[in-house]
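As provided, final11.cif (mmCIF, C-alpha atoms) reads as follows.
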data_run
loop_
_atom_site.label_atom_id
_atom_site.label_comp_id
_atom_site.auth_asym_id
_atom_site.auth_seq_id
_atom_site.Cartn_x
_atom_site.Cartn_y
_atom_site.Cartn_z
CA MET A 15 98.35 128.45 108.58
CA LYS A 16 98.32 128.30 112.36
CA LYS A 17 95.19 129.57 114.04
CA ILE A 18 94.42 130.30 117.67
CA ILE A 19 91.14 130.58 119.47
CA PHE A 20 90.94 132.96 122.41
CA GLU A 21 88.62 132.01 125.23
CA LYS A 22 87.70 134.22 128.18
CA LEU A 23 87.03 131.23 130.46
CA PHE A 24 90.77 130.83 130.95
CA LEU A 25 90.93 130.69 134.74
CA VAL A 26 88.33 128.00 135.39
CA LEU A 27 89.59 125.74 132.60
CA PHE A 28 93.23 125.84 133.46
CA ILE A 29 92.80 125.66 137.24
CA LEU A 30 91.14 122.30 136.53
CA VAL A 31 93.95 121.28 134.20
CA PHE A 32 96.61 122.14 136.76
CA ALA A 33 94.74 120.08 139.34
CA LEU A 34 94.78 117.01 137.08
CA ASN A 35 98.33 117.19 135.68
CA PHE A 36 101.07 114.64 136.25
CA GLY A 37 102.68 116.59 139.09
CA GLN A 38 105.75 117.77 137.17
CA LYS A 39 106.15 121.43 136.45
CA THR A 40 108.91 123.53 134.89
CA ASP A 41 108.99 127.30 135.48
CA PHE A 42 111.27 129.89 133.93
CA THR A 43 111.24 133.58 133.08
CA VAL A 44 111.72 134.98 129.59
CA PRO A 45 112.78 138.64 129.18
CA LYS A 46 110.14 139.34 126.53
CA ASP A 47 106.60 140.65 126.61
CA ILE A 48 103.74 138.14 126.76
CA GLU A 49 102.24 139.28 123.44
CA THR A 50 105.45 138.36 121.62
CA LEU A 51 105.75 134.99 123.32
CA GLN A 52 102.15 133.94 122.76
CA ASN A 53 102.71 134.64 119.09
CA THR A 54 106.08 132.84 119.02
CA ILE A 55 105.03 129.59 120.69
CA PHE A 56 102.90 128.60 117.70
CA ASP A 57 106.05 128.36 115.59
CA PHE A 58 107.67 125.75 117.83
CA ALA A 59 108.26 122.43 116.06
CA ASN A 60 110.34 119.28 116.28
CA ASP A 61 110.29 115.82 114.68
CA PHE A 62 107.18 114.75 116.59
CA THR A 63 104.90 117.80 116.22
CA LYS A 64 102.33 118.37 113.48
CA ASP A 65 101.60 121.52 111.53
CA GLU A 66 98.01 121.95 112.70
CA PRO A 67 95.69 124.60 114.13
CA LYS A 68 96.16 125.18 117.84
CA ALA A 69 93.65 126.15 120.49
CA ALA A 70 94.62 128.71 123.12
CA ALA A 71 93.07 130.49 126.06
CA ALA A 72 93.78 134.08 127.06
CA GLY A 73 92.77 136.15 130.06
CA ASP A 74 94.02 139.31 131.73
CA ASN A 75 97.82 139.07 131.55
CA LYS A 76 97.62 135.30 131.08
CA PHE A 77 97.84 132.93 128.15
CA SER A 78 97.87 129.16 127.68
CA THR A 79 98.14 126.62 124.88
CA THR A 80 99.59 123.15 124.34
CA VAL A 81 102.49 121.52 122.52
CA ASP A 82 101.49 118.09 121.26
CA LEU A 83 103.88 115.28 120.28
CA TYR A 84 102.69 112.36 118.15
CA ASN A 85 103.68 108.75 117.51
CA LEU A 86 106.21 108.17 120.29
CA LYS A 87 107.68 104.67 120.02
CA PHE A 88 109.33 102.59 122.74
CA ASP A 89 111.12 99.26 122.34
CA THR A 90 113.86 97.16 123.88
CA ASN A 91 116.60 99.04 122.04
CA TYR A 92 114.92 102.44 121.73
CA LYS A 93 113.16 104.77 124.12
CA ASN A 94 111.63 107.99 122.94
CA PRO A 95 113.57 110.80 124.65
CA TYR A 96 110.53 112.86 125.68
CA LEU A 97 108.77 110.47 128.09
CA ASP A 98 109.93 108.39 131.02
CA LEU A 99 107.36 105.68 130.37
CA ALA A 100 106.00 103.77 133.37
CA LEU A 101 105.04 100.20 132.51
CA LYS A 102 102.89 97.84 134.50
CA LYS A 103 104.56 94.74 135.93
CA GLY A 104 105.48 92.00 133.49
CA VAL A 105 104.67 93.80 130.22
CA LYS A 106 106.95 94.07 127.20
CA PRO A 107 108.90 97.29 126.56
CA LYS A 108 107.45 97.64 123.04
CA GLN A 109 104.84 100.41 123.43
CA PHE A 110 103.33 103.19 121.35
CA ILE A 111 102.02 106.56 122.52
CA GLN A 112 99.72 108.13 119.94
CA LYS A 113 99.82 111.58 121.49
CA ALA A 114 101.42 113.32 124.47
CA ILE A 115 100.28 116.81 125.47
CA TRP A 116 102.30 119.42 127.33
CA ASN A 117 100.54 122.52 128.67
CA VAL A 118 102.39 125.80 128.14
CA SER A 119 101.09 128.69 130.27
CA MET A 120 102.33 132.28 130.42
CA LYS A 121 101.87 135.02 133.00
CA LYS A 122 102.84 138.63 132.50
CA LEU A 123 105.33 139.84 135.14
CA SER A 124 106.09 143.21 133.58
CA ALA A 125 106.09 144.94 130.22
CA LYS A 126 109.23 143.01 129.22
CA SER A 127 109.14 139.92 131.40
CA THR A 128 106.97 136.79 131.26
CA LYS A 129 106.80 133.70 133.47
CA VAL A 130 106.39 130.45 131.53
CA THR A 131 105.14 127.22 133.10
CA ILE A 132 105.22 123.86 131.29
CA PHE A 133 103.89 120.50 132.46
CA LEU A 134 102.93 117.14 130.98
CA GLU A 135 99.15 117.28 130.83
CA GLU A 136 98.07 114.05 129.16
CA ILE A 137 99.32 110.97 127.33
CA ASN A 138 97.26 108.77 125.01
CA PRO A 139 98.59 105.23 124.47
CA ASP A 140 97.20 103.34 121.50
CA ASN A 141 94.74 100.47 121.97
CA TRP A 142 97.51 97.91 122.46
CA SER A 143 99.37 99.94 125.08
CA LYS A 144 96.41 101.24 127.11
CA LYS A 145 96.43 98.27 129.48
CA GLU A 146 100.22 98.16 129.77
CA VAL A 147 101.26 101.79 130.31
CA ASP A 148 100.71 103.46 133.68
CA VAL A 149 99.70 106.94 132.55
CA LYS A 150 99.65 108.28 136.12
CA LEU A 151 103.28 107.37 136.83
CA THR A 152 104.64 108.28 133.39
CA LYS A 153 106.73 111.46 133.53
CA SER A 154 108.26 113.95 131.16
CA THR A 155 112.03 113.63 130.78
CA GLY A 156 112.35 117.42 130.65
CA LYS A 157 113.73 117.40 127.10
CA LEU A 158 110.69 119.09 125.58
CA GLU A 159 110.60 121.71 128.35
CA ASN A 160 114.24 122.58 127.61
CA GLU A 161 113.58 122.76 123.85
CA ILE A 162 110.65 125.14 124.37
CA LYS A 163 112.66 127.27 126.78
CA GLU A 164 115.56 127.63 124.33
CA PHE A 165 113.14 128.37 121.51
CA LEU A 166 111.32 131.14 123.39
CA LEU A 167 114.57 132.69 124.60
CA ASN A 168 116.24 132.72 121.20
CA ALA A 169 113.41 133.18 118.70
CA LYS A 170 113.43 136.49 116.91
CA SER A 171 110.46 138.75 117.57
CA LYS A 172 108.00 139.47 114.79
CA GLU A 173 104.94 141.63 114.57
CA LEU A 174 102.28 139.05 113.86
CA SER A 175 102.30 135.41 112.84
CA GLU A 176 100.11 134.10 110.04
CA GLY A 177 97.67 132.62 112.51
CA LEU A 178 96.96 136.03 114.01
CA VAL A 179 96.49 138.10 110.87
CA ALA A 180 93.20 139.94 111.04
CA VAL A 181 90.73 139.55 108.19
CA ASP A 182 88.66 142.48 107.00
CA ASN A 183 85.25 141.01 106.26
CA SER A 184 84.36 144.03 104.14
CA SER A 185 86.94 142.90 101.57
CA ILE A 186 84.98 139.71 100.83
CA ASP A 187 82.87 140.13 97.69
CA THR A 188 79.30 138.88 97.35
CA GLU A 189 80.23 135.85 95.24
CA THR A 190 82.88 134.69 97.68
CA GLU A 191 80.53 135.22 100.60
CA ALA A 192 77.90 133.08 98.85
CA ILE A 193 80.42 130.28 98.29
CA ILE A 194 81.51 130.38 101.94
CA THR A 195 77.89 130.33 103.07
CA ALA A 196 77.07 127.38 100.82
CA GLN A 197 80.08 125.45 102.10
CA ALA A 198 79.11 126.17 105.69
CA ASP A 199 75.52 125.04 105.01
CA ALA A 200 76.80 121.83 103.44
CA GLN A 201 79.04 121.14 106.42
CA ILE A 202 76.18 121.74 108.84
CA ALA A 203 73.94 119.41 106.83
CA ALA A 204 76.64 116.72 106.89
CA VAL A 205 77.04 117.05 110.65
CA GLU A 206 73.28 116.86 111.19
CA ALA A 207 73.05 113.78 108.97
CA LYS A 208 75.88 112.15 110.90
CA GLN A 209 74.22 112.91 114.22
CA SER A 210 70.95 111.31 113.08
CA GLN A 211 72.69 108.23 111.69
CA LYS A 212 71.50 104.95 113.18
CA LYS A 213 74.16 103.07 115.16
CA VAL A 214 73.87 99.28 115.21
CA THR A 215 75.99 96.25 116.07
CA SER A 216 76.25 93.36 113.62
CA LYS A 217 76.07 89.88 115.15
CA TYR A 218 77.67 88.54 111.98
CA LEU A 219 80.72 90.74 112.46
CA GLN A 220 80.90 89.88 116.15
CA ASN A 221 80.88 86.16 115.30
CA LEU A 222 83.41 86.61 112.51
CA PHE A 223 85.83 88.50 114.73
CA SER A 224 85.03 86.80 118.03
CA LYS A 225 88.73 86.90 118.98
CA LYS A 226 88.72 90.72 118.70
CA GLN A 227 91.29 90.66 115.90
CA PHE A 228 91.44 90.15 112.14
CA ILE A 229 91.29 86.53 110.94
CA SER A 230 94.88 85.48 110.35
CA LEU A 231 96.04 84.00 107.06
CA PRO A 232 96.14 81.33 105.79
CA THR A 233 92.48 80.52 106.38
CA ASN A 234 89.80 78.72 104.36
CA SER A 235 86.19 79.08 103.35
CA GLU A 236 85.08 76.37 105.77
CA GLN A 237 86.42 78.33 108.75
CA ILE A 238 84.73 81.56 107.62
CA THR A 239 81.45 79.71 106.98
CA LYS A 240 81.60 78.23 110.48
CA LEU A 241 82.05 81.71 112.00
CA LEU A 242 79.37 83.39 109.87
CA LYS A 243 76.94 80.45 110.05
CA THR A 244 76.02 81.31 106.47
CA ASP A 245 76.86 79.26 103.38
CA PRO A 246 78.81 80.92 100.56
CA SER A 247 78.28 80.92 96.84
CA GLU A 248 81.15 79.58 94.74
CA MET A 249 81.89 82.08 91.98
CA ASP A 250 83.83 81.44 88.75
CA CYS A 251 87.29 83.02 88.59
CA GLU A 252 89.90 82.39 85.88
CA THR A 253 92.82 83.59 88.01
CA CYS A 254 91.79 81.72 91.20
CA LYS A 255 92.95 78.29 92.27
CA ASN A 256 90.46 75.64 91.16
CA GLY A 257 88.72 78.40 89.16
CA LYS A 258 86.52 79.49 92.10
CA TYR A 259 86.32 81.92 94.99
CA SER A 260 83.87 82.00 97.92
CA ASN A 261 81.28 84.76 98.25
CA TRP A 262 79.02 85.49 101.24
CA ASP A 263 76.12 87.96 101.28
CA PHE A 264 74.59 88.82 104.66
CA GLU A 265 72.70 91.86 105.94
CA SER A 266 74.14 94.72 103.84
CA PHE A 267 77.58 93.09 103.60
CA ASN A 268 79.50 91.22 100.97
CA MET A 269 82.50 89.06 101.88
CA ILE A 270 84.97 87.34 99.57
CA HIS A 271 87.72 84.80 100.23
CA ALA A 272 90.06 83.88 97.40
CA ASN A 273 93.26 81.94 96.76
CA MET A 274 94.89 83.22 93.58
CA ASN A 275 97.11 81.30 91.15
CA SER A 276 99.82 83.88 91.92
CA GLY A 277 100.01 82.66 95.52
CA GLU A 278 98.06 85.58 96.95
CA GLU A 279 95.35 84.82 99.49
CA TYR A 280 92.96 87.50 100.64
CA TYR A 281 89.55 88.15 102.09
CA SER A 282 87.50 91.33 101.98
CA ILE A 283 84.38 92.68 103.64
CA GLN A 284 82.37 95.51 102.11
CA TYR A 285 79.41 97.34 103.62
CA TYR A 286 76.71 98.87 101.40
CA GLY A 287 74.28 100.25 103.97
CA ASN A 288 73.81 103.67 105.57
CA ASP A 289 74.02 102.81 109.28
CA ALA A 290 77.12 103.05 111.46
CA VAL A 291 77.89 99.38 112.11
CA SER A 292 80.16 98.12 114.88
CA GLY A 293 81.34 94.57 115.51
CA LEU A 294 84.75 94.91 113.86
CA PRO A 295 87.95 94.50 115.89
CA TYR A 296 90.12 97.37 117.15
CA GLY A 297 87.14 99.71 117.53
CA LEU A 298 86.61 100.06 113.78
CA VAL A 299 83.09 101.02 112.70
CA PHE A 300 81.75 100.80 109.17
CA ASN A 301 80.35 104.17 108.01
CA ASP A 302 81.85 105.94 111.02
CA SER A 303 85.64 105.42 111.23
CA SER A 304 87.45 108.16 109.27
CA PRO A 305 90.75 107.88 107.37
CA SER A 306 92.65 110.16 109.77
CA GLU A 307 91.25 108.30 112.79
CA CYS A 308 92.38 104.96 111.33
CA LYS A 309 95.83 106.28 110.42
CA THR A 310 96.24 107.39 114.03
CA LYS A 311 94.76 104.16 115.44
CA PHE A 312 97.28 102.03 113.56
CA ALA A 313 100.23 104.42 113.73
CA ARG A 314 102.36 101.84 115.55
CA TYR A 315 102.21 99.79 112.31
CA ASN A 316 103.37 102.79 110.26
CA ALA A 317 99.93 103.17 108.66
CA GLN A 318 99.95 105.14 105.39
CA LEU A 319 97.02 107.31 104.24
CA TYR A 320 96.75 108.22 100.57
CA GLN A 321 94.38 108.57 97.64
CA THR A 322 94.20 106.19 94.74
CA THR A 323 91.72 105.52 91.93
CA VAL A 324 89.43 102.57 91.27
CA ASP A 325 87.26 101.58 88.33
CA SER A 326 83.60 102.31 89.07
CA ASP A 327 82.08 101.73 85.61
CA GLU A 328 83.45 101.05 82.17
CA ASN A 329 86.02 103.73 81.29
CA ILE A 330 85.21 105.61 84.51
CA THR A 331 87.47 105.86 87.55
CA LYS A 332 86.90 107.56 90.88
CA ALA A 333 89.12 108.69 93.71
CA LEU A 334 89.36 106.47 96.77
CA THR A 335 91.00 107.21 100.11
CA VAL A 336 92.81 104.24 101.67
CA VAL A 337 94.86 103.45 104.77
CA THR A 338 97.34 100.58 104.46
CA PHE A 339 99.70 98.88 106.90
CA LYS A 340 101.28 95.54 107.74
CA MET A 341 100.06 93.87 110.94
CA ASN A 342 102.14 90.85 111.92
CA THR A 343 102.32 88.80 108.70
CA SER A 344 99.20 90.22 107.02
CA PHE A 345 98.75 93.32 104.89
CA VAL A 346 95.69 95.42 105.70
CA ARG A 347 93.90 97.87 103.44
CA LEU A 348 91.07 100.04 104.77
CA GLU A 349 88.98 101.78 102.12
CA PHE A 350 86.82 104.88 102.57
CA GLY A 351 84.47 105.07 99.65
CA ASN A 352 82.07 107.53 101.29
CA GLU A 353 84.52 109.43 103.52
CA TYR A 354 84.08 106.72 106.16
CA LEU A 355 85.15 103.08 106.38
CA SER A 356 83.36 101.02 103.73
CA ARG A 357 85.66 98.07 102.93
CA ILE A 358 88.42 96.03 104.58
CA VAL A 359 90.89 93.83 102.70
CA ILE A 360 93.35 91.43 104.39
CA SER A 361 96.03 89.84 102.20
CA ASN A 362 99.20 87.78 102.52
CA GLN A 363 100.85 90.00 99.89
CA GLU A 364 101.52 93.72 99.82
CA PHE A 365 99.00 95.87 97.97
#
For the file at hand, write its structure as structure tokens.
Amino acid sequence: MKKIIFEKLFLVLFILVFALNFGQKTDFTVPKDIETLQNTIFDFANDFTKDEPKAAAAGDNKFSTTVDLYNLKFDTNYKNPYLDLALKKGVKPKQFIQKAIWNVSMKKLSAKSTKVTIFLEEINPDNWSKKEVDVKLTKSTGKLENEIKEFLLNAKSKELSEGLVAVDNSSIDTETEAIITAQADAQIAAVEAKQSQKKVTSKYLQNLFSKKQFISLPTNSEQITKLLKTDPSEMDCETCKNGKYSNWDFESFNMIHANMNSGEEYYSIQYYGNDAVSGLPYGLVFNDSSPSECKTKFARYNAQLYQTTVDSDENITKALTVVTFKMNTSFVRLEFGNEYLSRIVISNQEF
């Protein structure tokens, strides 16, 4: 269901936005009333949009929202058709834009005529492209503007989209109202708990990932011990080479490095505390990074988000959300045991 939020502070907000846009602007007139068009625009979609709630602002005879495109890839042999990407001198053409935002504004001209203005408002390169893409010189190719124009001109009118259907609160029974209230209270409590959460930086993690990236494989226990400055315990393991794997316990962390008889090598780090702990590479934070955030962060590696099950106790399994992807020659698995990042596994074999 698509939802819109009307705000009366339209003028101030969007005067600021116009002042900060990329300088390109496409104007055209549509022979339809503004009410129809502001309803229609929420149905626009292409291969790079997401079916998600949309914010909007409305004032007297004016309306504005955005069309957002996600995961735009650029390489030597492929350029995404929606952006004319400006690169800084000497950088490689392989780039990834997590999100590009076009502002779509409407102004009522008459009862059956509306002026539509579209401009590229913002682009968000991923962490690897931030230093290489010149966001100020990047321009829209005009393809999206043309798609939106054709869509608004040719879309059939309808009375009211799903996102605008009014809800009669009087139809909600007491039991349903109690459930909604309880859910709202739980969400508020979760937000308050998150806001009061202690944020710390782990020196151990900073030492372990001093190069600001995951430790590449193959590695060995001696190298990890040197980085952590903490000696491991050697644990028995029937399926490991030499019948042992290395285990480190530090702060509220547990780390394992193992070479398996099957040829698999992996290491994992798990956090058991309650604080939000930074020190990981790529801006990851234990107990703070969410699954959707991580899927977006590593979208250039085709990160996959899904739920699986793990054994928690004998004959008991529980659901676990994971994000997996291949980075260079290593396979990465991020686990979210408490809705936020709780464990990282790096392997030389696919999970």
(message) Counting only C-alpha atoms, which residue out of A:Phe42, A:Phe300, A:Phe58, A:Tyr218 sits closest to A:Thr131?
(response)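 When distances to A:Thr131 are compared using only C-alpha atoms, the smallest one comes from A:Phe42.
Note that the spacing between atom CA of A:Asp47 and atom CA of A:Pro67 amounts to 23.1 Å.
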(message) Evaluated on this file, the PyMOL selection byres ((chain A and resi 80-94) around 8) picks out some residues - which ones are they, written as a list in words?
(response) Phe62, Thr63, Lys64, Lys68, Ala69, Ala70, Ser78, Thr79, Pro95, Tyr96, Leu97, Pro107, Lys108, Gln109, Phe110, Ile111, Gln112, Lys113, Ala114, Ile115, Trp116, Asn117, Val118, Ala313 and Arg314 of chain A
(message) Taking the file as I've supplied it (selection: the PyMOL selection byres ((chain A and resi 252) around 12)), which residues are included? Please answer as JSON, numbers by chain.
(response) {"A": [249, 250, 251, 253, 254, 255, 256, 257, 258, 259, 272, 273, 274, 275, 276]}
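The coordinates place atom CA of A:Met120 at 8.3 Å from atom CA of A:Leu51.
What separates atom CA of A:Ala71 from atom CA of A:Lys163 is a distance of 19.9 Å.
Look at A:Val324: the protein and nucleic acid residues within 7 Å of it, using all atoms listed in the file and passing over chain neighbours fewer than 2 places away, are Thr322, Ser326, Thr331, Lys332, Ala333 and Leu334 of chain A.
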(request) Would you write out, as a list of chain:residue names, every residue that the PyMOL selection byres ((chain A and resi 140) around 7) captures in this file? (result) A:Phe110, A:Ile111, A:Gln112, A:Asn138, A:Pro139, A:Asn141, A:Trp142, A:Ser143, A:Lys144, A:Lys311
Just write the chosen residues, C-alpha atoms, as a CSV table (one decimal), keeping the file's coordinate frame.
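Everything below was put into selection_22.csv:
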chain,number,residue,atom,x,y,z
A,110,PHE,CA,103.3,103.2,121.4
A,111,ILE,CA,102.0,106.6,122.5
A,112,GLN,CA,99.7,108.1,119.9
A,138,ASN,CA,97.3,108.8,125.0
A,139,PRO,CA,98.6,105.2,124.5
A,141,ASN,CA,94.7,100.5,122.0
A,142,TRP,CA,97.5,97.9,122.5
A,143,SER,CA,99.4,99.9,125.1
A,144,LYS,CA,96.4,101.2,127.1
A,311,LYS,CA,94.8,104.2,115.4
(request) Please write as a ChimeraX atom specification the list of polymer residues whose atoms come within 8 Å of (98.7, 88.9, 94.9), counting only C-alpha atoms and keeping to the coordinates of the file. (result) /A:274,276-279,361-365
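You can rank A:Phe56, A:Ser303, A:Val337, A:Tyr354 by their closest distance to A:Asn316 using only C-alpha atoms, and at the top of that list sits A:Val337.
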(request) Give as a PyMOL selection string every residue, naming chains and numbers as the document does, that has an atom within 9 Å of (94.9, 105.5, 101.8), counting all atoms listed in the file. (result) chain A and resi 305+309+317-322+334-338+347-350
(request) Could you tell me which of A:Asp289, A:Glu307, A:Glu159, A:Asp65 comes closest to A:Thr40 if we count only C-alpha atoms? (result)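 Result for the nearest residue to A:Thr40: A:Glu159.
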(request) Check the smallest atom-to-atom distance from each of A:His271, A:Leu298, A:Asp245, A:Gln197 to A:Lys226 using all atoms listed in the file, then report the winner. (result)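 Closest to A:Lys226 of all the choices is A:Leu298.
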Assuming 6 Å of padding per side, give the centre and edge lengths of the axis-aligned box around every listed atom of stretch 273-288 of chain A, in Å to one decimal and as JSON.
{"center_x": 86.9, "center_y": 92.5, "center_z": 98.4, "size_x": 38.2, "size_y": 34.4, "size_z": 26.4}
(request) Go through A:Asp74, A:Asp61, A:Glu248, A:Glu146 one by one, measure the shortest atom-to-atom distance of each to A:Ile270 using all atoms listed in the file, and give the residue with the smallest value. (result)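 Going through A:Asp74, A:Asp61, A:Glu248, A:Glu146 one by one, the smallest distance to A:Ile270 is for A:Glu248.
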